[in-house]
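Coordinates as given in target.pdb (PDB, C-alpha atoms, pLDDT in the B column):
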ATOM      1  CA  ALA A  81       0.000   0.000   0.000  1.00 45.00           C
ATOM      2  CA  VAL A  82       1.293   3.474  -0.949  1.00 43.00           C
ATOM      3  CA  VAL A  83       1.191   5.915   1.947  1.00 45.00           C
ATOM      4  CA  SER A  84      -0.131   9.351   0.958  1.00 46.00           C
ATOM      5  CA  THR A  85       0.557  12.606   2.720  1.00 50.00           C
ATOM      6  CA  GLN A  86      -2.122  15.163   3.395  1.00 52.00           C
ATOM      7  CA  SER A  87      -1.401  16.997   0.132  1.00 57.00           C
ATOM      8  CA  GLY A  88      -1.873  13.846  -1.840  1.00 59.00           C
ATOM      9  CA  LEU A  89       1.797  13.270  -2.512  1.00 64.00           C
ATOM     10  CA  THR A  90       3.398   9.965  -1.716  1.00 80.00           C
ATOM     11  CA  ALA A  91       6.303   9.729   0.700  1.00 80.00           C
ATOM     12  CA  GLY A  92       8.546   9.096  -2.301  1.00 83.00           C
ATOM     13  CA  ASP A  93       7.372  12.351  -3.917  1.00 85.00           C
ATOM     14  CA  ASP A  94       8.098  14.201  -0.683  1.00 85.00           C
ATOM     15  CA  ILE A  95      11.611  12.716  -0.438  1.00 90.00           C
ATOM     16  CA  GLN A  96      12.237  13.529  -4.118  1.00 89.00           C
ATOM     17  CA  ARG A  97      11.124  17.156  -3.536  1.00 89.00           C
ATOM     18  CA  GLN A  98      13.425  17.450  -0.475  1.00 90.00           C
ATOM     19  CA  TYR A  99      16.307  15.929  -2.441  1.00 90.00           C
ATOM     20  CA  ASN A 100      15.710  18.341  -5.345  1.00 91.00           C
ATOM     21  CA  SER A 101      15.593  21.271  -2.911  1.00 90.00           C
ATOM     22  CA  LYS A 102      18.860  20.232  -1.232  1.00 92.00           C
ATOM     23  CA  GLU A 103      20.483  19.586  -4.595  1.00 91.00           C
ATOM     24  CA  HIS A 104      19.444  23.068  -5.771  1.00 92.00           C
ATOM     25  CA  LYS A 105      20.794  24.620  -2.532  1.00 92.00           C
ATOM     26  CA  LEU A 106      24.128  22.801  -2.938  1.00 91.00           C
ATOM     27  CA  SER A 107      24.276  23.870  -6.579  1.00 90.00           C
ATOM     28  CA  MET A 108      23.797  27.506  -5.507  1.00 93.00           C
ATOM     29  CA  GLU A 109      26.467  27.135  -2.796  1.00 90.00           C
ATOM     30  CA  LEU A 110      28.812  25.595  -5.366  1.00 91.00           C
ATOM     31  CA  ALA A 111      28.218  28.540  -7.710  1.00 90.00           C
ATOM     32  CA  ASP A 112      28.819  31.001  -4.818  1.00 90.00           C
ATOM     33  CA  THR A 113      32.001  29.173  -3.832  1.00 92.00           C
ATOM     34  CA  SER A 114      33.166  29.131  -7.446  1.00 91.00           C
ATOM     35  CA  ARG A 115      32.530  32.883  -7.795  1.00 94.00           C
ATOM     36  CA  LEU A 116      34.318  33.536  -4.493  1.00 93.00           C
ATOM     37  CA  LYS A 117      37.242  31.395  -5.606  1.00 93.00           C
ATOM     38  CA  GLN A 118      37.418  33.316  -8.903  1.00 95.00           C
ATOM     39  CA  GLN A 119      37.275  36.651  -7.062  1.00 95.00           C
ATOM     40  CA  LEU A 120      40.021  35.533  -4.671  1.00 92.00           C
ATOM     41  CA  GLU A 121      42.167  34.356  -7.564  1.00 93.00           C
ATOM     42  CA  VAL A 122      41.709  37.710  -9.314  1.00 94.00           C
ATOM     43  CA  LYS A 123      42.556  39.567  -6.091  1.00 94.00           C
ATOM     44  CA  LEU A 124      45.577  37.322  -5.522  1.00 92.00           C
ATOM     45  CA  ASN A 125      46.753  37.949  -9.079  1.00 94.00           C
ATOM     46  CA  ASP A 126      46.229  41.702  -8.619  1.00 92.00           C
ATOM     47  CA  LEU A 127      48.203  41.622  -5.354  1.00 92.00           C
ATOM     48  CA  GLN A 128      51.028  39.704  -6.983  1.00 93.00           C
ATOM     49  CA  GLU A 129      51.156  42.080  -9.960  1.00 93.00           C
ATOM     50  CA  ASP A 130      50.972  45.135  -7.683  1.00 92.00           C
ATOM     51  CA  SER A 131      53.709  43.737  -5.455  1.00 91.00           C
ATOM     52  CA  GLU A 132      55.946  43.023  -8.446  1.00 93.00           C
ATOM     53  CA  ARG A 133      55.269  46.464  -9.982  1.00 94.00           C
ATOM     54  CA  LYS A 134      56.054  48.213  -6.693  1.00 94.00           C
ATOM     55  CA  ARG A 135      59.206  46.129  -6.239  1.00 91.00           C
ATOM     56  CA  ARG A 136      60.434  47.013  -9.749  1.00 93.00           C
ATOM     57  CA  GLU A 137      59.583  50.693  -9.219  1.00 94.00           C
ATOM     58  CA  TRP A 138      61.357  50.716  -5.859  1.00 94.00           C
ATOM     59  CA  GLU A 139      64.408  49.003  -7.342  1.00 92.00           C
ATOM     60  CA  ARG A 140      64.524  51.470 -10.244  1.00 93.00           C
ATOM     61  CA  ASN A 141      64.180  54.499  -7.929  1.00 93.00           C
ATOM     62  CA  PHE A 142      66.686  53.043  -5.489  1.00 90.00           C
ATOM     63  CA  GLU A 143      69.232  52.368  -8.232  1.00 92.00           C
ATOM     64  CA  GLU A 144      68.819  55.883  -9.647  1.00 93.00           C
ATOM     65  CA  GLU A 145      69.282  57.429  -6.208  1.00 92.00           C
ATOM     66  CA  ILE A 146      72.349  55.319  -5.433  1.00 90.00           C
ATOM     67  CA  ASN A 147      73.904  56.122  -8.834  1.00 91.00           C
ATOM     68  CA  SER A 148      73.235  59.824  -8.313  1.00 92.00           C
ATOM     69  CA  LEU A 149      74.823  59.716  -4.854  1.00 89.00           C
ATOM     70  CA  ILE A 150      77.802  57.793  -6.185  1.00 89.00           C
ATOM     71  CA  ARG A 151      78.326  60.358  -8.972  1.00 91.00           C
ATOM     72  CA  GLU A 152      77.937  63.241  -6.534  1.00 90.00           C
ATOM     73  CA  HIS A 153      80.406  61.770  -4.040  1.00 89.00           C
ATOM     74  CA  SER A 154      82.821  60.716  -6.772  1.00 89.00           C
ATOM     75  CA  ASN A 155      82.863  64.271  -8.069  1.00 89.00           C
ATOM     76  CA  LYS A 156      83.386  65.652  -4.568  1.00 90.00           C
ATOM     77  CA  ILE A 157      86.166  63.168  -3.883  1.00 86.00           C
ATOM     78  CA  SER A 158      87.752  63.958  -7.240  1.00 88.00           C
ATOM     79  CA  ASP A 159      87.483  67.688  -6.496  1.00 87.00           C
ATOM     80  CA  ASN A 160      88.986  67.140  -3.055  1.00 86.00           C
ATOM     81  CA  ASP A 161      91.818  65.058  -4.505  1.00 85.00           C
ATOM     82  CA  THR A 162      92.552  67.794  -7.033  1.00 89.00           C
ATOM     83  CA  GLN A 163      92.517  70.481  -4.359  1.00 89.00           C
ATOM     84  CA  LEU A 164      94.746  68.397  -2.118  1.00 85.00           C
ATOM     85  CA  PHE A 165      97.271  67.957  -4.930  1.00 86.00           C
ATOM     86  CA  GLN A 166      97.257  71.698  -5.599  1.00 85.00           C
ATOM     87  CA  CYS A 167      97.816  72.399  -1.902  1.00 71.00           C
ATOM     88  CA  GLN A 168     100.760  70.024  -1.800  1.00 74.00           C
ATOM     89  CA  SER A 169     102.317  71.684  -4.856  1.00 78.00           C
ATOM     90  CA  LYS A 170     101.913  75.118  -3.302  1.00 70.00           C
ATOM     91  CA  LEU A 171     103.351  73.847  -0.023  1.00 61.00           C
ATOM     92  CA  LYS A 172     106.538  72.748  -1.804  1.00 69.00           C
ATOM     93  CA  GLN A 173     106.791  76.046  -3.702  1.00 76.00           C
ATOM     94  CA  VAL A 174     105.986  78.567  -0.993  1.00 65.00           C
ATOM     95  CA  THR A 175     107.339  77.896   2.465  1.00 68.00           C
ATOM     96  CA  SER A 176     105.975  81.160   3.863  1.00 67.00           C
ATOM     97  CA  GLU A 177     102.423  79.909   3.336  1.00 66.00           C
ATOM     98  CA  ARG A 178     103.096  76.556   5.019  1.00 64.00           C
ATOM     99  CA  GLU A 179     100.788  77.100   8.021  1.00 78.00           C
ATOM    100  CA  ALA A 180      97.840  78.324   5.883  1.00 68.00           C
ATOM    101  CA  LEU A 181      98.161  75.296   3.606  1.00 65.00           C
ATOM    102  CA  ARG A 182      98.230  72.865   6.559  1.00 83.00           C
ATOM    103  CA  LEU A 183      94.975  74.361   7.782  1.00 87.00           C
ATOM    104  CA  ARG A 184      93.361  73.933   4.368  1.00 84.00           C
ATOM    105  CA  VAL A 185      94.501  70.284   4.119  1.00 87.00           C
ATOM    106  CA  SER A 186      93.134  69.630   7.586  1.00 91.00           C
ATOM    107  CA  GLU A 187      89.763  71.095   6.570  1.00 91.00           C
ATOM    108  CA  GLN A 188      89.693  68.918   3.483  1.00 91.00           C
ATOM    109  CA  GLU A 189      90.471  65.828   5.548  1.00 92.00           C
ATOM    110  CA  GLU A 190      87.535  66.677   7.791  1.00 93.00           C
ATOM    111  CA  SER A 191      85.369  67.024   4.685  1.00 91.00           C
ATOM    112  CA  ILE A 192      86.491  63.592   3.482  1.00 91.00           C
ATOM    113  CA  THR A 193      85.731  62.143   6.922  1.00 94.00           C
ATOM    114  CA  THR A 194      82.291  63.747   6.865  1.00 93.00           C
ATOM    115  CA  GLN A 195      81.681  62.363   3.384  1.00 92.00           C
ATOM    116  CA  SER A 196      82.886  58.945   4.457  1.00 93.00           C
ATOM    117  CA  GLN A 197      80.471  59.053   7.406  1.00 94.00           C
ATOM    118  CA  HIS A 198      77.694  60.105   5.020  1.00 93.00           C
ATOM    119  CA  ILE A 199      78.518  57.171   2.729  1.00 90.00           C
ATOM    120  CA  THR A 200      78.399  54.835   5.747  1.00 94.00           C
ATOM    121  CA  LYS A 201      74.971  56.217   6.672  1.00 94.00           C
ATOM    122  CA  MET A 202      73.774  55.723   3.098  1.00 92.00           C
ATOM    123  CA  GLU A 203      75.013  52.119   3.155  1.00 92.00           C
ATOM    124  CA  GLU A 204      73.026  51.591   6.374  1.00 93.00           C
ATOM    125  CA  ALA A 205      69.974  53.160   4.728  1.00 90.00           C
ATOM    126  CA  VAL A 206      70.386  50.782   1.796  1.00 90.00           C
ATOM    127  CA  GLU A 207      70.539  47.836   4.187  1.00 93.00           C
ATOM    128  CA  HIS A 208      67.380  48.996   5.988  1.00 94.00           C
ATOM    129  CA  ALA A 209      65.637  49.504   2.657  1.00 87.00           C
ATOM    130  CA  GLU A 210      66.533  45.936   1.673  1.00 92.00           C
ATOM    131  CA  TRP A 211      65.054  44.722   4.963  1.00 96.00           C
ATOM    132  CA  ASP A 212      61.884  46.720   4.272  1.00 90.00           C
ATOM    133  CA  VAL A 213      61.567  45.218   0.793  1.00 91.00           C
ATOM    134  CA  ASN A 214      62.159  41.698   2.145  1.00 92.00           C
ATOM    135  CA  ASN A 215      59.578  42.298   4.899  1.00 93.00           C
ATOM    136  CA  TYR A 216      57.078  43.586   2.311  1.00 92.00           C
ATOM    137  CA  ILE A 217      57.661  40.549   0.096  1.00 91.00           C
ATOM    138  CA  SER A 218      57.281  38.228   3.130  1.00 93.00           C
ATOM    139  CA  ALA A 219      54.018  39.931   4.084  1.00 91.00           C
ATOM    140  CA  GLN A 220      52.703  39.510   0.524  1.00 94.00           C
ATOM    141  CA  GLN A 221      53.732  35.847   0.560  1.00 94.00           C
ATOM    142  CA  ALA A 222      51.970  35.375   3.925  1.00 92.00           C
ATOM    143  CA  ARG A 223      48.795  36.914   2.481  1.00 94.00           C
ATOM    144  CA  ILE A 224      49.009  34.594  -0.501  1.00 91.00           C
ATOM    145  CA  SER A 225      49.479  31.606   1.843  1.00 92.00           C
ATOM    146  CA  GLU A 226      46.456  32.674   3.885  1.00 93.00           C
ATOM    147  CA  LEU A 227      44.359  32.935   0.730  1.00 91.00           C
ATOM    148  CA  GLU A 228      45.526  29.515  -0.411  1.00 91.00           C
ATOM    149  CA  ILE A 229      44.573  28.036   2.996  1.00 93.00           C
ATOM    150  CA  VAL A 230      41.122  29.637   2.852  1.00 91.00           C
ATOM    151  CA  LEU A 231      40.579  28.375  -0.709  1.00 91.00           C
ATOM    152  CA  SER A 232      41.789  24.910   0.266  1.00 92.00           C
ATOM    153  CA  LYS A 233      39.448  24.776   3.291  1.00 93.00           C
ATOM    154  CA  GLN A 234      36.514  25.944   1.193  1.00 92.00           C
ATOM    155  CA  ALA A 235      37.287  23.333  -1.436  1.00 88.00           C
ATOM    156  CA  GLU A 236      37.464  20.633   1.276  1.00 91.00           C
ATOM    157  CA  GLN A 237      34.173  21.798   2.762  1.00 91.00           C
ATOM    158  CA  PHE A 238      32.560  21.748  -0.658  1.00 89.00           C
ATOM    159  CA  GLU A 239      33.907  18.274  -1.348  1.00 89.00           C
ATOM    160  CA  ASP A 240      32.626  17.099   2.057  1.00 87.00           C
ATOM    161  CA  LYS A 241      29.174  18.544   1.377  1.00 88.00           C
ATOM    162  CA  THR A 242      29.144  17.039  -2.097  1.00 87.00           C
ATOM    163  CA  ARG A 243      30.203  13.644  -0.713  1.00 87.00           C
ATOM    164  CA  ILE A 244      27.514  13.798   1.990  1.00 85.00           C
ATOM    165  CA  MET A 245      24.856  14.724  -0.539  1.00 87.00           C
ATOM    166  CA  ALA A 246      26.028  11.991  -2.890  1.00 84.00           C
ATOM    167  CA  ASN A 247      25.764   9.426  -0.085  1.00 83.00           C
ATOM    168  CA  LYS A 248      22.220  10.457   0.805  1.00 71.00           C
TER
END
So that I can check it, write out the structure of this file as structure tokens.
Amino acid sequence: AVVSTQSGLTAGDDIQRQYNSKEHKLSMELADTSRLKQQLEVKLNDLQEDSERKRREWERNFEEEINSLIREHSNKISDNDTQLFQCQSKLKQVTSEREALRLRVSEQEESITTQSQHITKMEEAVEHAEWDVNNYISAQQARISELEIVLSKQAEQFEDKTRIMANK
């Protein structure tokens, strides 16, 4: 004997309707998960491209700045070397100006020391900038790893739901 429900549907019809409803709900969740995955992949790609673009821009700017500083300091050092040579020549030629020339050489040595200290500071700044870039890259990689974990968990959850629905 077929058992009818109050609406006139059989128990089999009711189970089929519930199954169809759950299947439709899972299909919608799958579509939502797929859209979310696509959005996350687009965002991840955008982050990677942005990170790479910023890294290249930073490297280009950094290289230009370093080259400019090197040229500037090379010119100053060259100028100082030239002036020092001229002072030494004058010192040999004019003994009456010996004390004035010693003072000038001393001032130039202080200038070289100051420039050397400035170069040391710039080298430290370069090192800190490298740390900053490495930290930025590590942070971007951590974000990517977090996104991959989230996507992996969502995929596992979807597979679990699909497996449960398939077993029902």
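When only C-alpha atoms are used to compute distances to Ala205 (chain A), the closest of the residues A:Met108, A:Val122, A:Ile146, A:Ile95 turns out to be A:Ile146.
Considering the residues A:Met202, A:Ile229, A:Ala222, A:Ile244 and counting all atoms listed in the file, Gln128 (chain A) has its shortest atom-to-atom contact with A:Ala222.
Distances to Leu127 (chain A) were evaluated for A:Thr194, A:Asn247, A:Gln220, A:Ser232 using only C-alpha atoms, and the minimum falls at A:Gln220.
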- Within 9 Å of Gln188 (chain A), counting only C-alpha atoms, which residues qualify if same-chain residues fewer than 6 places away don't, as a PyMOL selection string? chain A and resi 160+163-164
- Query: In terms of the shortest atom-to-atom distance over all atoms listed in the file, which of A:Glu121, A:Glu236, A:Glu226, A:Asn214 is closest to Arg135 (chain A)?
  - Reply: A:Asn214
- Task: For Leu149 (chain A), list every protein, DNA or RNA residue within 9 Å, evaluated using all atoms listed in the file, and leave out those in the same chain fewer than 4 positions away; present the list as a list of chain:residue names.
- Result: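 That gives A:Glu144, A:Glu145, A:His153, A:Ser154, A:Ile199, A:Met202.
Restricting the calculation to only C-alpha atoms, the smallest distance between Val213 (chain A) and any of A:Asp94, A:Asp126, A:Glu109, A:Glu137 is found for A:Glu137.
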- Among the residues A:Lys156, A:Lys117, A:Arg133, A:His208, the one that comes closest to Ser191 (chain A) [using all atoms listed in the file]: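 Residue with the minimum atom-to-atom distance to Ser191 (chain A): A:Lys156.
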- How many Å lie between CA of His104 (chain A) and CA of Val230 (chain A), rounded to one decimal?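 Pair CA of His104 (chain A) / CA of Val230 (chain A) returns 24.2 Å.
Between CA of Ala235 (chain A) and CA of Tyr216 (chain A) the separation is 28.6 Å.
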- Query: Expanded to explicit residues, what is the PyMOL selection byres ((chain A and resi 245) around 12) for this file, as JSON, numbers by chain?
  - Reply: {"A": [98, 99, 100, 101, 102, 103, 104, 105, 106, 107, 238, 239, 240, 241, 242, 243, 244, 246, 247, 248]}
What box, with edges along x, y and z, holds each listed atom of region 211-227 of chain A when 5 Å is added on every side, and can you state its centre and edge lengths in Å to one decimal, as JSON?
{"center_x": 54.7, "center_y": 39.2, "center_z": 2.2, "size_x": 30.7, "size_y": 25.1, "size_z": 15.5}
- Task: In Å, rounded to a single decimal, give me how far CA of Cys167 (chain A) is from CA of Gln197 (chain A).
- Result: 23.8 Å
